[in-house]
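Trainee: Quick one: the structure is below, and I'll ask about it shortly.
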Amino acid sequence: MRKTSSNKINVIAIVGATASGKTSFSIELAKQIGGEIVSADSRLVYKGMNIGTAKPTTDEMQGIFHYMIDLVEPTFDYSAGLYKKQAQEVIKDIFLRGKTPIIVGGTGLYTDILLKGFELPQIKPDKKLRDELNEYTPEELYQILKEKDLEGSQTIEQNDKKKLIRAIEIITLTGKKLSEARGKSNSEYNVEWIGKNFERDILYERINNRVDLMIEQGLVDETKGLLEKYGRAYNIVNTIGYKEITRYLDGILTLDESIELLKKNTRNYAKRQLTWFRKNPEIKWDVFPEKLKK
């Protein structure tokens with residue numbers, strides 16, 4: 001593992017929709033090329049949120065070092081900017097030890113600010129505007145965002161009220177779409193982009209099967225335990241998996257209804273992930289590890 005003549009660190013990025021096999025693929029690749037894995041998933045940073053985020057277990061990691069996982073409690077307001085800072089240090093450490101950094105995840109914002117040199121807009125909060133926007137429901141906020149920036153709206157969870165408000169705030173105060181408001185500097189890395197995907201029907205079947213497995217593994221009890229320990233923490237009740245089961249625990253939905261809603265929301269999330277990644281022309285889709293040895 002060496003820097004190139006441009007003095008940039010070579011890294012591999014494995015991206016794609018949820019349930020597309022990124023974890024197993026990356027572990028096999030890491031074993032073959034002497035790599036270590038840096039997660040680029042905005043929910044794997046939270047401790048205790050294991051089953052609902054499909055966080056890899058110690059056995060599943062197969063002895064491959066994984067970083068940027070289990071960093072903070074769910075009550076902590078972890079940001080993309082903090083992720084970039086910490087992930088850069090991890091990549092540097094991996095490089096200095098002669099290993100190959102493999103960035104793996106489905107959070108497009110995280111991979112882009114880390115690997116493409118994107119900078120988050122430094123816009124101070126506008127309390128008056130935030131108070132006004134807070135009066136709207138998530139559904140109404142999402143419609144407002146769609147009208148202002150259709151492309152940008154596809155990168156945010158439809159009921160993530162905090163992020164929706166922040167996105168509308170940035171657009172309102174800068175007069176620019178989200179993609180334009182984000183500055184860009186030269187990236188520190190040369191990136192080999194690999195995309196994992198399946199035909200839609202197969203991907204949806206994998207998602208449905210994954211949700212069923214989560215239920216079998218104890219997602220209901222995990223959600224109950226998180227709520228008891230942390231209360232209605234924003235990062236719990238607004239994360240796919242936990243928010244649907246919370247509605248079941250609140251008596252709003254039956255368990256079957258919450259499971260079906262979880263499957264639907266996960267499928268919709270997968271669509272948005274693919275929409276994001278398909279805009280990156282550098283991604284080589286479904287390149288298998290054995291091809292990289294050549």
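Identifiers for the structure tokens are assigned positionally: chains receive A, B, ... in sequence, residues are indexed from 1 per chain, and ligands are indexed from 1 in the order shown.
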Write out as a ChimeraX atom specification each polymer residue whose atoms come within 12 Å of Thr137 of chain A, counting only C-alpha atoms; drop sequence neighbours fewer than 3 positions from it.
Mentor: /A:132-134,140-144,158-162,164-165
Trainee: Taking N, CA and C atoms for each residue, export the selection above as a PDB file, in the first residue's frame.
Mentor:
```pdb
ATOM      1  N   GLU A 132     -40.211  28.319  13.073  1.00  0.00           N
ATOM      2  CA  GLU A 132     -41.315  28.317  12.104  1.00  0.00           C
ATOM      3  C   GLU A 132     -41.451  26.950  11.446  1.00  0.00           C
ATOM      4  N   LEU A 133     -40.325  26.382  11.025  1.00  0.00           N
ATOM      5  CA  LEU A 133     -40.348  25.090  10.346  1.00  0.00           C
ATOM      6  C   LEU A 133     -40.750  23.959  11.285  1.00  0.00           C
ATOM      7  N   ASN A 134     -40.438  24.111  12.535  1.00  0.00           N
ATOM      8  CA  ASN A 134     -40.760  23.063  13.511  1.00  0.00           C
ATOM      9  C   ASN A 134     -42.257  22.881  13.692  1.00  0.00           C
ATOM     10  N   GLU A 140     -44.966  17.426   5.706  1.00  0.00           N
ATOM     11  CA  GLU A 140     -45.058  18.767   5.114  1.00  0.00           C
ATOM     12  C   GLU A 140     -43.673  19.330   4.819  1.00  0.00           C
ATOM     13  N   LEU A 141     -42.733  19.088   5.728  1.00  0.00           N
ATOM     14  CA  LEU A 141     -41.359  19.557   5.522  1.00  0.00           C
ATOM     15  C   LEU A 141     -40.738  18.903   4.293  1.00  0.00           C
ATOM     16  N   TYR A 142     -41.025  17.624   4.118  1.00  0.00           N
ATOM     17  CA  TYR A 142     -40.460  16.915   2.968  1.00  0.00           C
ATOM     18  C   TYR A 142     -40.998  17.495   1.667  1.00  0.00           C
ATOM     19  N   GLN A 143     -42.271  17.856   1.648  1.00  0.00           N
ATOM     20  CA  GLN A 143     -42.855  18.462   0.452  1.00  0.00           C
ATOM     21  C   GLN A 143     -42.231  19.825   0.168  1.00  0.00           C
ATOM     22  N   ILE A 144     -41.982  20.589   1.242  1.00  0.00           N
ATOM     23  CA  ILE A 144     -41.324  21.889   1.074  1.00  0.00           C
ATOM     24  C   ILE A 144     -39.936  21.697   0.474  1.00  0.00           C
ATOM     25  N   GLN A 158     -37.513  10.729   4.819  1.00  0.00           N
ATOM     26  CA  GLN A 158     -38.719  11.541   4.707  1.00  0.00           C
ATOM     27  C   GLN A 158     -39.305  11.961   6.052  1.00  0.00           C
ATOM     28  N   ASN A 159     -39.000  11.245   7.110  1.00  0.00           N
ATOM     29  CA  ASN A 159     -39.536  11.666   8.411  1.00  0.00           C
ATOM     30  C   ASN A 159     -38.446  12.050   9.403  1.00  0.00           C
ATOM     31  N   ASP A 160     -37.255  12.349   8.883  1.00  0.00           N
ATOM     32  CA  ASP A 160     -36.163  12.833   9.730  1.00  0.00           C
ATOM     33  C   ASP A 160     -36.300  14.346   9.838  1.00  0.00           C
ATOM     34  N   LYS A 161     -37.094  14.771  10.816  1.00  0.00           N
ATOM     35  CA  LYS A 161     -37.480  16.181  10.918  1.00  0.00           C
ATOM     36  C   LYS A 161     -36.276  17.097  11.095  1.00  0.00           C
ATOM     37  N   LYS A 162     -35.330  16.680  11.919  1.00  0.00           N
ATOM     38  CA  LYS A 162     -34.165  17.530  12.182  1.00  0.00           C
ATOM     39  C   LYS A 162     -33.370  17.793  10.907  1.00  0.00           C
ATOM     40  N   LEU A 164     -34.422  17.464   7.795  1.00  0.00           N
ATOM     41  CA  LEU A 164     -35.254  18.187   6.831  1.00  0.00           C
ATOM     42  C   LEU A 164     -35.217  19.687   7.116  1.00  0.00           C
ATOM     43  N   ILE A 165     -35.324  20.035   8.399  1.00  0.00           N
ATOM     44  CA  ILE A 165     -35.281  21.448   8.780  1.00  0.00           C
ATOM     45  C   ILE A 165     -33.927  22.051   8.426  1.00  0.00           C
TER      46      ILE A 165
END
```
Trainee: When you look at segment 263-280 of chain A with a cut-off of 10 Å (counting only C-alpha atoms), what residues show up, excluding the ones that are within fewer than 6 positions of it in the same chain? I need them as a ChimeraX atom specification.
Mentor: /A:15-20,106-109,111-112,151-158,193,195-197,200,203-212,240-241,244,257
Trainee: Could the residues in this selection be saved with N, CA and C atoms as a compact mmCIF listing (two decimals), in the first residue's frame?
Mentor:
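Generated file (part.txt):
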```txt
# COMPACT_ATOMS: atom_id res chain seq x y z
N VAL A 15 -19.84 0.50 -2.03
CA VAL A 15 -21.09 1.19 -1.74
C VAL A 15 -22.26 0.45 -2.38
N GLY A 16 -23.45 0.88 -2.02
CA GLY A 16 -24.65 0.26 -2.58
C GLY A 16 -25.80 0.33 -1.60
N ALA A 17 -26.91 -0.26 -2.00
CA ALA A 17 -28.11 -0.24 -1.18
C ALA A 17 -27.99 -1.18 0.00
N THR A 18 -28.83 -0.97 0.99
CA THR A 18 -28.91 -1.89 2.11
C THR A 18 -29.27 -3.28 1.62
N ALA A 19 -28.71 -4.30 2.25
CA ALA A 19 -28.96 -5.71 1.91
C ALA A 19 -28.39 -6.12 0.56
N SER A 20 -27.42 -5.36 0.05
CA SER A 20 -26.83 -5.70 -1.24
C SER A 20 -25.55 -6.53 -1.10
N GLY A 106 -23.51 2.53 3.09
CA GLY A 106 -24.58 2.99 2.22
C GLY A 106 -25.02 4.41 2.47
N THR A 107 -24.29 5.14 3.34
CA THR A 107 -24.63 6.54 3.59
C THR A 107 -23.85 7.40 2.61
N GLY A 108 -24.52 7.79 1.53
CA GLY A 108 -23.86 8.51 0.45
C GLY A 108 -23.20 9.80 0.88
N LEU A 109 -23.83 10.52 1.80
CA LEU A 109 -23.24 11.78 2.26
C LEU A 109 -21.91 11.52 2.94
N THR A 111 -19.77 8.94 2.44
CA THR A 111 -18.72 8.56 1.48
C THR A 111 -18.28 9.76 0.66
N ASP A 112 -19.20 10.65 0.33
CA ASP A 112 -18.84 11.77 -0.53
C ASP A 112 -18.03 12.83 0.21
N GLU A 151 -33.72 17.04 -6.10
CA GLU A 151 -32.58 16.13 -6.02
C GLU A 151 -32.09 16.00 -4.58
N GLY A 152 -32.00 17.11 -3.89
CA GLY A 152 -31.55 17.09 -2.50
C GLY A 152 -32.49 16.33 -1.59
N SER A 153 -33.78 16.39 -1.88
CA SER A 153 -34.77 15.71 -1.03
C SER A 153 -34.59 14.20 -1.05
N GLN A 154 -33.99 13.68 -2.12
CA GLN A 154 -33.82 12.23 -2.25
C GLN A 154 -32.70 11.70 -1.37
N THR A 155 -31.95 12.59 -0.74
CA THR A 155 -30.83 12.16 0.09
C THR A 155 -31.16 12.18 1.58
N ILE A 156 -32.42 12.52 1.92
CA ILE A 156 -32.80 12.66 3.32
C ILE A 156 -34.02 11.80 3.62
N GLU A 157 -34.00 11.16 4.79
CA GLU A 157 -35.14 10.37 5.23
C GLU A 157 -36.40 11.24 5.31
N GLN A 158 -37.51 10.73 4.82
CA GLN A 158 -38.72 11.54 4.71
C GLN A 158 -39.31 11.96 6.05
N TRP A 193 -13.83 2.81 -6.78
CA TRP A 193 -15.23 2.70 -6.37
C TRP A 193 -15.82 1.38 -6.86
N GLY A 195 -19.48 -0.86 -6.69
CA GLY A 195 -20.89 -0.82 -6.32
C GLY A 195 -21.49 -2.21 -6.25
N LYS A 196 -22.22 -2.47 -5.18
CA LYS A 196 -22.93 -3.75 -5.03
C LYS A 196 -24.41 -3.53 -5.27
N ASN A 197 -25.00 -4.42 -6.07
CA ASN A 197 -26.42 -4.29 -6.37
C ASN A 197 -26.98 -5.61 -6.87
N ARG A 200 -33.96 -5.57 -9.02
CA ARG A 200 -34.89 -5.04 -8.02
C ARG A 200 -35.62 -6.13 -7.25
N LEU A 203 -33.27 -7.82 -4.83
CA LEU A 203 -32.90 -6.92 -3.73
C LEU A 203 -34.05 -6.81 -2.73
N TYR A 204 -35.28 -6.65 -3.23
CA TYR A 204 -36.43 -6.52 -2.33
C TYR A 204 -36.65 -7.81 -1.53
N GLU A 205 -36.42 -8.95 -2.18
CA GLU A 205 -36.54 -10.21 -1.45
C GLU A 205 -35.48 -10.30 -0.36
N ARG A 206 -34.26 -9.86 -0.66
CA ARG A 206 -33.20 -9.85 0.35
C ARG A 206 -33.55 -8.92 1.51
N ILE A 207 -34.13 -7.78 1.20
CA ILE A 207 -34.55 -6.85 2.24
C ILE A 207 -35.61 -7.48 3.13
N ASN A 208 -36.61 -8.08 2.50
CA ASN A 208 -37.69 -8.71 3.27
C ASN A 208 -37.14 -9.83 4.16
N ASN A 209 -36.24 -10.62 3.61
CA ASN A 209 -35.65 -11.71 4.40
C ASN A 209 -34.81 -11.17 5.55
N ARG A 210 -34.11 -10.07 5.29
CA ARG A 210 -33.30 -9.48 6.36
C ARG A 210 -34.18 -8.98 7.50
N VAL A 211 -35.29 -8.36 7.16
CA VAL A 211 -36.21 -7.88 8.21
C VAL A 211 -36.76 -9.05 9.02
N ASP A 212 -37.14 -10.12 8.35
CA ASP A 212 -37.63 -11.30 9.07
C ASP A 212 -36.56 -11.85 10.01
N ILE A 240 -34.80 3.79 10.76
CA ILE A 240 -35.56 2.67 10.19
C ILE A 240 -35.24 1.40 10.97
N GLY A 241 -36.25 0.69 11.34
CA GLY A 241 -36.10 -0.51 12.15
C GLY A 241 -36.64 -0.27 13.54
N GLU A 244 -40.33 1.82 13.46
CA GLU A 244 -41.52 1.00 13.19
C GLU A 244 -41.87 0.11 14.38
N GLU A 257 -48.11 -5.46 11.24
CA GLU A 257 -48.17 -4.18 10.53
C GLU A 257 -46.84 -3.44 10.61
```
Trainee: Using DSSP on the backbone coordinates, identify all residues within segment 208-259 of chain A classified as alpha helix (DSSP H); present the result as an MDAnalysis selection string.
Mentor: chainID A and resid 208:217 219:230 234:237 242:249 255:259
Trainee: Within 7 Å of segment 44-55 of chain A, which residues of segment 197-270 of chain A show up? Give each one with its shortest atom-to-atom distance in Å (one decimal) and the two atoms involved, counting only C-alpha atoms, rows by chain then rising residue number, as a Markdown table.
Mentor:
```
| residue | atom | partner | partner_atom | distance |
| --- | --- | --- | --- | --- |
| A:Met214 | CA | A:Ile51 | CA | 6.0 |
| A:Leu219 | CA | A:Ile51 | CA | 5.9 |
| A:Gly241 | CA | A:Gly52 | CA | 5.1 |
| A:Tyr242 | CA | A:Gly52 | CA | 6.5 |
```
Trainee: Kindly indicate which residue among A:Ile215, A:Leu129, A:Val191, A:Val38 lies nearest to Asp256 of chain A, using only C-alpha atoms for the distances.
Mentor: A:Ile215
Trainee: Among segment 24-241 of chain A, which ones does DSSP assign to strand (DSSP E or B) (computed from the backbone)? Answer as a list in words.
Mentor: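 So the strand (DSSP E or B) residues in segment 24-241 of chain A would be Gly35, Glu36, Ile37, Val38, Ser39, Tyr46, His66, Tyr67, Val72, Thr100, Pro101, Ile102, Ile103, Val104, Gly105, Phe118, Glu119, Gly183, Lys184, Tyr189, Asn190, Val191, Glu192, Trp193, Ile194, Gly195 and Lys196 of chain A.
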Trainee: Tell me which of A:Val104, A:Leu96, A:Val72, A:Ala87 sits closest to Ser39 of chain A, counting only C-alpha atoms.
Mentor: A:Val104
Trainee: For atom CA of Gln88 of chain A and atom CA of Lys184 of chain A, quote the distance in Å rounded to one decimal.
Mentor: 16.0 Å
Trainee: Would you mind telling me which residue in A:Ile27, A:Ile9, A:Ile69, A:Ile194 lies nearest to Arg43 of chain A when using only C-alpha atoms?
Mentor: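 Answer, going by the shortest atom-to-atom distance: A:Ile69.
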Trainee: Name the residues in contact with Lys84 of chain A at a cut-off of 9 Å, using only C-alpha atoms, excluding same-chain residues fewer than 5 positions from it; report them as a list in words.
Mentor: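 The contact residues come out as Ser79, Glu89, Tyr110, Thr111, Ile113, Leu114 and Leu115 of chain A.
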